[in-house]
Amino acid sequence: SSFHLPNKEVIKLSVSIGVGYLSQDEYKSQRKVFKDADDMVHVAKKEGRNQVMFNPIIKL
């Protein structure tokens, strides 16, 4: 996406988000949840950016 500033400058922005989460029946350390999210950010960037990636994968 591009944003146009009042001074006519254009800023291009991409967003890649990684999500790590716990199900009700699951136990993970806080560190593991953050590592899952960090790993998914790298996957989102590798897959072309502007994406949200989940770990574990959510089936919609």
# chains A, B, ... in the order shown; residues from 1 in each chain; ligands from 1

call {"tool": "residues_around", "arguments": {"residues": "Asn55 in chain A", "least_positions_apart": "5", "cutoff": "12 Å", "atoms": "only C-alpha atoms", "output": "PyMOL selection string"}}
result
chain A and resi 17-23+32-44

call {"tool": "select_by_dssp", "arguments": {"residues": "chain A", "states": "strand (DSSP E)", "output": "PyMOL selection string"}}
result
chain A and resi 2-4+10-12+16-20+51-55

call {"tool": "write_last_selection", "arguments": {"atoms": "N, CA and C atoms", "output": "mmCIF file, in the first residue's frame"}}
result
data_model
loop_
_atom_site.group_PDB
_atom_site.id
_atom_site.type_symbol
_atom_site.label_atom_id
_atom_site.label_comp_id
_atom_site.auth_asym_id
_atom_site.auth_seq_id
_atom_site.Cartn_x
_atom_site.Cartn_y
_atom_site.Cartn_z
ATOM 1 N N SER A 2 0.368 2.290 -0.559
ATOM 2 C CA SER A 2 1.083 3.562 -0.587
ATOM 3 C C SER A 2 0.298 4.602 0.192
ATOM 4 N N PHE A 3 1.028 5.434 0.904
ATOM 5 C CA PHE A 3 0.435 6.540 1.646
ATOM 6 C C PHE A 3 1.010 7.837 1.108
ATOM 7 N N HIS A 4 0.139 8.801 0.882
ATOM 8 C CA HIS A 4 0.553 10.100 0.363
ATOM 9 C C HIS A 4 0.537 11.108 1.506
ATOM 10 N N VAL A 10 5.480 10.066 -1.026
ATOM 11 C CA VAL A 10 4.752 8.798 -1.037
ATOM 12 C C VAL A 10 5.561 7.775 -0.244
ATOM 13 N N ILE A 11 4.892 7.122 0.684
ATOM 14 C CA ILE A 11 5.523 6.087 1.495
ATOM 15 C C ILE A 11 4.871 4.754 1.145
ATOM 16 N N LYS A 12 5.694 3.783 0.774
ATOM 17 C CA LYS A 12 5.189 2.435 0.493
ATOM 18 C C LYS A 12 5.328 1.598 1.751
ATOM 19 N N SER A 16 3.696 -7.726 7.349
ATOM 20 C CA SER A 16 3.762 -9.177 7.522
ATOM 21 C C SER A 16 3.574 -9.453 9.008
ATOM 22 N N ILE A 17 2.618 -10.310 9.326
ATOM 23 C CA ILE A 17 2.282 -10.581 10.722
ATOM 24 C C ILE A 17 2.389 -12.078 10.982
ATOM 25 N N GLY A 18 3.022 -12.417 12.086
ATOM 26 C CA GLY A 18 3.093 -13.800 12.528
ATOM 27 C C GLY A 18 2.316 -13.951 13.819
ATOM 28 N N VAL A 19 1.530 -15.013 13.906
ATOM 29 C CA VAL A 19 0.689 -15.239 15.082
ATOM 30 C C VAL A 19 1.004 -16.609 15.671
ATOM 31 N N GLY A 20 1.303 -16.625 16.953
ATOM 32 C CA GLY A 20 1.430 -17.868 17.702
ATOM 33 C C GLY A 20 0.339 -17.862 18.758
ATOM 34 N N GLN A 51 0.931 -10.469 4.458
ATOM 35 C CA GLN A 51 0.188 -11.659 4.848
ATOM 36 C C GLN A 51 0.179 -11.814 6.362
ATOM 37 N N VAL A 52 -0.764 -12.603 6.825
ATOM 38 C CA VAL A 52 -0.797 -13.028 8.223
ATOM 39 C C VAL A 52 -0.632 -14.541 8.216
ATOM 40 N N MET A 53 0.354 -15.033 8.968
ATOM 41 C CA MET A 53 0.599 -16.472 9.050
ATOM 42 C C MET A 53 0.410 -16.920 10.500
ATOM 43 N N PHE A 54 -0.235 -18.065 10.678
ATOM 44 C CA PHE A 54 -0.538 -18.592 12.003
ATOM 45 C C PHE A 54 0.248 -19.868 12.276
ATOM 46 N N ASN A 55 0.645 -20.056 13.529
ATOM 47 C CA ASN A 55 1.253 -21.308 13.964
ATOM 48 C C ASN A 55 0.667 -21.653 15.323
#

call {"tool": "atom_distance", "arguments": {"atom1": "CA of Asn50 in chain A", "atom2": "CA of Lys8 in chain A"}}
result
24.1 Å

call {"tool": "select_by_dssp", "arguments": {"residues": "chain A", "states": "helix (DSSP H, G or I)", "output": "PyMOL selection string"}}
result
chain A and resi 30-46

call {"tool": "write_last_selection", "arguments": {"atoms": "C-alpha atoms", "output": "compact mmCIF listing (two decimals), in the first residue's frame"}}
result
# COMPACT_ATOMS: atom_id res chain seq x y z
CA GLN A 30 5.51 -17.91 26.70
CA ARG A 31 8.87 -18.14 24.96
CA LYS A 32 7.56 -20.88 22.62
CA VAL A 33 4.48 -18.83 21.68
CA PHE A 34 6.68 -15.83 20.81
CA LYS A 35 9.06 -18.08 18.83
CA ASP A 36 6.11 -19.49 16.87
CA ALA A 37 4.96 -15.94 16.05
CA ASP A 38 8.48 -14.87 15.06
CA ASP A 39 8.89 -17.92 12.82
CA MET A 40 5.59 -17.11 11.12
CA VAL A 41 6.68 -13.50 10.42
CA HIS A 42 9.62 -14.91 8.48
CA VAL A 43 7.33 -17.31 6.59
CA ALA A 44 4.97 -14.43 5.70
CA LYS A 45 7.87 -12.36 4.35
CA LYS A 46 9.26 -15.32 2.40

call {"tool": "decode", "arguments": {"residues": "range 6-54 of chain A", "atoms": "N, CA and C atoms", "output": "PDB file, in the first residue's frame"}}
result
ATOM      1  N   PRO A   6       1.104  14.963   3.251  1.00  0.00           N
ATOM      2  CA  PRO A   6       0.735  16.318   2.832  1.00  0.00           C
ATOM      3  C   PRO A   6       1.812  17.009   1.987  1.00  0.00           C
ATOM      4  N   ASN A   7       3.079  16.660   2.189  1.00  0.00           N
ATOM      5  CA  ASN A   7       4.154  17.289   1.416  1.00  0.00           C
ATOM      6  C   ASN A   7       4.382  16.585   0.075  1.00  0.00           C
ATOM      7  N   LYS A   8       3.425  15.753  -0.344  1.00  0.00           N
ATOM      8  CA  LYS A   8       3.442  15.014  -1.618  1.00  0.00           C
ATOM      9  C   LYS A   8       4.384  13.803  -1.619  1.00  0.00           C
ATOM     10  N   GLU A   9       5.044  13.552  -0.508  1.00  0.00           N
ATOM     11  CA  GLU A   9       5.905  12.378  -0.413  1.00  0.00           C
ATOM     12  C   GLU A   9       5.033  11.123  -0.351  1.00  0.00           C
ATOM     13  N   VAL A  10       5.480  10.066  -1.026  1.00  0.00           N
ATOM     14  CA  VAL A  10       4.752   8.798  -1.037  1.00  0.00           C
ATOM     15  C   VAL A  10       5.561   7.775  -0.244  1.00  0.00           C
ATOM     16  N   ILE A  11       4.892   7.122   0.684  1.00  0.00           N
ATOM     17  CA  ILE A  11       5.523   6.087   1.495  1.00  0.00           C
ATOM     18  C   ILE A  11       4.871   4.754   1.145  1.00  0.00           C
ATOM     19  N   LYS A  12       5.694   3.783   0.774  1.00  0.00           N
ATOM     20  CA  LYS A  12       5.189   2.435   0.493  1.00  0.00           C
ATOM     21  C   LYS A  12       5.328   1.598   1.751  1.00  0.00           C
ATOM     22  N   LEU A  13       4.299   0.813   2.041  1.00  0.00           N
ATOM     23  CA  LEU A  13       4.262   0.041   3.272  1.00  0.00           C
ATOM     24  C   LEU A  13       3.761  -1.367   2.984  1.00  0.00           C
ATOM     25  N   SER A  14       4.442  -2.348   3.548  1.00  0.00           N
ATOM     26  CA  SER A  14       3.940  -3.720   3.515  1.00  0.00           C
ATOM     27  C   SER A  14       3.888  -4.213   4.956  1.00  0.00           C
ATOM     28  N   VAL A  15       2.980  -5.135   5.208  1.00  0.00           N
ATOM     29  CA  VAL A  15       2.804  -5.648   6.566  1.00  0.00           C
ATOM     30  C   VAL A  15       2.835  -7.171   6.529  1.00  0.00           C
ATOM     31  N   SER A  16       3.696  -7.726   7.349  1.00  0.00           N
ATOM     32  CA  SER A  16       3.762  -9.177   7.522  1.00  0.00           C
ATOM     33  C   SER A  16       3.574  -9.453   9.008  1.00  0.00           C
ATOM     34  N   ILE A  17       2.618 -10.310   9.326  1.00  0.00           N
ATOM     35  CA  ILE A  17       2.282 -10.581  10.722  1.00  0.00           C
ATOM     36  C   ILE A  17       2.389 -12.078  10.982  1.00  0.00           C
ATOM     37  N   GLY A  18       3.022 -12.417  12.086  1.00  0.00           N
ATOM     38  CA  GLY A  18       3.093 -13.800  12.528  1.00  0.00           C
ATOM     39  C   GLY A  18       2.316 -13.951  13.819  1.00  0.00           C
ATOM     40  N   VAL A  19       1.530 -15.013  13.906  1.00  0.00           N
ATOM     41  CA  VAL A  19       0.689 -15.239  15.082  1.00  0.00           C
ATOM     42  C   VAL A  19       1.004 -16.609  15.671  1.00  0.00           C
ATOM     43  N   GLY A  20       1.303 -16.625  16.953  1.00  0.00           N
ATOM     44  CA  GLY A  20       1.430 -17.868  17.702  1.00  0.00           C
ATOM     45  C   GLY A  20       0.339 -17.862  18.758  1.00  0.00           C
ATOM     46  N   TYR A  21      -0.276 -18.984  19.005  1.00  0.00           N
ATOM     47  CA  TYR A  21      -1.365 -19.003  19.983  1.00  0.00           C
ATOM     48  C   TYR A  21      -1.454 -20.361  20.671  1.00  0.00           C
ATOM     49  N   LEU A  22      -2.240 -20.397  21.713  1.00  0.00           N
ATOM     50  CA  LEU A  22      -2.491 -21.618  22.477  1.00  0.00           C
ATOM     51  C   LEU A  22      -3.956 -22.003  22.364  1.00  0.00           C
ATOM     52  N   SER A  23      -4.227 -23.281  22.212  1.00  0.00           N
ATOM     53  CA  SER A  23      -5.604 -23.745  22.334  1.00  0.00           C
ATOM     54  C   SER A  23      -5.881 -23.966  23.820  1.00  0.00           C
ATOM     55  N   GLN A  24      -7.136 -24.163  24.181  1.00  0.00           N
ATOM     56  CA  GLN A  24      -7.493 -24.351  25.588  1.00  0.00           C
ATOM     57  C   GLN A  24      -6.817 -25.574  26.196  1.00  0.00           C
ATOM     58  N   ASP A  25      -6.595 -26.600  25.390  1.00  0.00           N
ATOM     59  CA  ASP A  25      -6.055 -27.862  25.892  1.00  0.00           C
ATOM     60  C   ASP A  25      -4.534 -27.952  25.805  1.00  0.00           C
ATOM     61  N   GLU A  26      -3.899 -26.879  25.416  1.00  0.00           N
ATOM     62  CA  GLU A  26      -2.473 -26.933  25.120  1.00  0.00           C
ATOM     63  C   GLU A  26      -1.670 -26.117  26.128  1.00  0.00           C
ATOM     64  N   TYR A  27      -0.480 -26.601  26.404  1.00  0.00           N
ATOM     65  CA  TYR A  27       0.430 -25.834  27.256  1.00  0.00           C
ATOM     66  C   TYR A  27       1.703 -25.558  26.469  1.00  0.00           C
ATOM     67  N   LYS A  28       2.077 -24.312  26.401  1.00  0.00           N
ATOM     68  CA  LYS A  28       3.356 -23.909  25.814  1.00  0.00           C
ATOM     69  C   LYS A  28       3.918 -22.813  26.693  1.00  0.00           C
ATOM     70  N   SER A  29       5.212 -22.706  26.713  1.00  0.00           N
ATOM     71  CA  SER A  29       5.815 -21.597  27.442  1.00  0.00           C
ATOM     72  C   SER A  29       5.591 -20.312  26.652  1.00  0.00           C
ATOM     73  N   GLN A  30       5.646 -19.207  27.350  1.00  0.00           N
ATOM     74  CA  GLN A  30       5.506 -17.907  26.698  1.00  0.00           C
ATOM     75  C   GLN A  30       6.579 -17.755  25.619  1.00  0.00           C
ATOM     76  N   ARG A  31       7.761 -18.217  25.915  1.00  0.00           N
ATOM     77  CA  ARG A  31       8.874 -18.136  24.958  1.00  0.00           C
ATOM     78  C   ARG A  31       8.541 -18.893  23.670  1.00  0.00           C
ATOM     79  N   LYS A  32       7.916 -20.078  23.791  1.00  0.00           N
ATOM     80  CA  LYS A  32       7.559 -20.883  22.621  1.00  0.00           C
ATOM     81  C   LYS A  32       6.500 -20.179  21.780  1.00  0.00           C
ATOM     82  N   VAL A  33       5.526 -19.551  22.421  1.00  0.00           N
ATOM     83  CA  VAL A  33       4.484 -18.830  21.678  1.00  0.00           C
ATOM     84  C   VAL A  33       5.112 -17.686  20.883  1.00  0.00           C
ATOM     85  N   PHE A  34       6.018 -16.928  21.508  1.00  0.00           N
ATOM     86  CA  PHE A  34       6.685 -15.829  20.807  1.00  0.00           C
ATOM     87  C   PHE A  34       7.573 -16.356  19.677  1.00  0.00           C
ATOM     88  N   LYS A  35       8.232 -17.493  19.898  1.00  0.00           N
ATOM     89  CA  LYS A  35       9.059 -18.081  18.835  1.00  0.00           C
ATOM     90  C   LYS A  35       8.190 -18.508  17.665  1.00  0.00           C
ATOM     91  N   ASP A  36       7.034 -19.107  17.944  1.00  0.00           N
ATOM     92  CA  ASP A  36       6.106 -19.485  16.872  1.00  0.00           C
ATOM     93  C   ASP A  36       5.707 -18.258  16.055  1.00  0.00           C
ATOM     94  N   ALA A  37       5.363 -17.167  16.739  1.00  0.00           N
ATOM     95  CA  ALA A  37       4.961 -15.936  16.052  1.00  0.00           C
ATOM     96  C   ALA A  37       6.118 -15.382  15.220  1.00  0.00           C
ATOM     97  N   ASP A  38       7.311 -15.372  15.785  1.00  0.00           N
ATOM     98  CA  ASP A  38       8.481 -14.868  15.062  1.00  0.00           C
ATOM     99  C   ASP A  38       8.767 -15.720  13.826  1.00  0.00           C
ATOM    100  N   ASP A  39       8.680 -17.029  13.972  1.00  0.00           N
ATOM    101  CA  ASP A  39       8.887 -17.917  12.825  1.00  0.00           C
ATOM    102  C   ASP A  39       7.872 -17.622  11.721  1.00  0.00           C
ATOM    103  N   MET A  40       6.635 -17.365  12.104  1.00  0.00           N
ATOM    104  CA  MET A  40       5.590 -17.109  11.120  1.00  0.00           C
ATOM    105  C   MET A  40       5.774 -15.765  10.414  1.00  0.00           C
ATOM    106  N   VAL A  41       6.363 -14.778  11.083  1.00  0.00           N
ATOM    107  CA  VAL A  41       6.682 -13.504  10.418  1.00  0.00           C
ATOM    108  C   VAL A  41       7.649 -13.772   9.271  1.00  0.00           C
ATOM    109  N   HIS A  42       8.645 -14.599   9.528  1.00  0.00           N
ATOM    110  CA  HIS A  42       9.625 -14.909   8.485  1.00  0.00           C
ATOM    111  C   HIS A  42       8.977 -15.682   7.336  1.00  0.00           C
ATOM    112  N   VAL A  43       8.053 -16.576   7.638  1.00  0.00           N
ATOM    113  CA  VAL A  43       7.332 -17.308   6.590  1.00  0.00           C
ATOM    114  C   VAL A  43       6.506 -16.330   5.758  1.00  0.00           C
ATOM    115  N   ALA A  44       5.799 -15.411   6.415  1.00  0.00           N
ATOM    116  CA  ALA A  44       4.974 -14.426   5.699  1.00  0.00           C
ATOM    117  C   ALA A  44       5.824 -13.587   4.753  1.00  0.00           C
ATOM    118  N   LYS A  45       6.981 -13.153   5.204  1.00  0.00           N
ATOM    119  CA  LYS A  45       7.873 -12.360   4.352  1.00  0.00           C
ATOM    120  C   LYS A  45       8.383 -13.195   3.173  1.00  0.00           C
ATOM    121  N   LYS A  46       8.749 -14.433   3.446  1.00  0.00           N
ATOM    122  CA  LYS A  46       9.259 -15.320   2.397  1.00  0.00           C
ATOM    123  C   LYS A  46       8.191 -15.604   1.342  1.00  0.00           C
ATOM    124  N   GLU A  47       6.938 -15.686   1.775  1.00  0.00           N
ATOM    125  CA  GLU A  47       5.830 -16.007   0.873  1.00  0.00           C
ATOM    126  C   GLU A  47       5.318 -14.792   0.099  1.00  0.00           C
ATOM    127  N   GLY A  48       5.936 -13.636   0.287  1.00  0.00           N
ATOM    128  CA  GLY A  48       5.566 -12.487  -0.533  1.00  0.00           C
ATOM    129  C   GLY A  48       5.060 -11.280   0.226  1.00  0.00           C
ATOM    130  N   ARG A  49       5.144 -11.276   1.518  1.00  0.00           N
ATOM    131  CA  ARG A  49       4.748 -10.150   2.366  1.00  0.00           C
ATOM    132  C   ARG A  49       3.244  -9.891   2.309  1.00  0.00           C
ATOM    133  N   ASN A  50       2.820  -8.866   3.063  1.00  0.00           N
ATOM    134  CA  ASN A  50       1.406  -8.481   3.141  1.00  0.00           C
ATOM    135  C   ASN A  50       0.508  -9.674   3.468  1.00  0.00           C
ATOM    136  N   GLN A  51       0.931 -10.469   4.458  1.00  0.00           N
ATOM    137  CA  GLN A  51       0.188 -11.659   4.848  1.00  0.00           C
ATOM    138  C   GLN A  51       0.179 -11.814   6.362  1.00  0.00           C
ATOM    139  N   VAL A  52      -0.764 -12.603   6.825  1.00  0.00           N
ATOM    140  CA  VAL A  52      -0.797 -13.028   8.223  1.00  0.00           C
ATOM    141  C   VAL A  52      -0.632 -14.541   8.216  1.00  0.00           C
ATOM    142  N   MET A  53       0.354 -15.033   8.968  1.00  0.00           N
ATOM    143  CA  MET A  53       0.599 -16.472   9.050  1.00  0.00           C
ATOM    144  C   MET A  53       0.410 -16.920  10.500  1.00  0.00           C
ATOM    145  N   PHE A  54      -0.235 -18.065  10.678  1.00  0.00           N
ATOM    146  CA  PHE A  54      -0.538 -18.592  12.003  1.00  0.00           C
ATOM    147  C   PHE A  54       0.248 -19.868  12.276  1.00  0.00           C
TER     148      PHE A  54
END
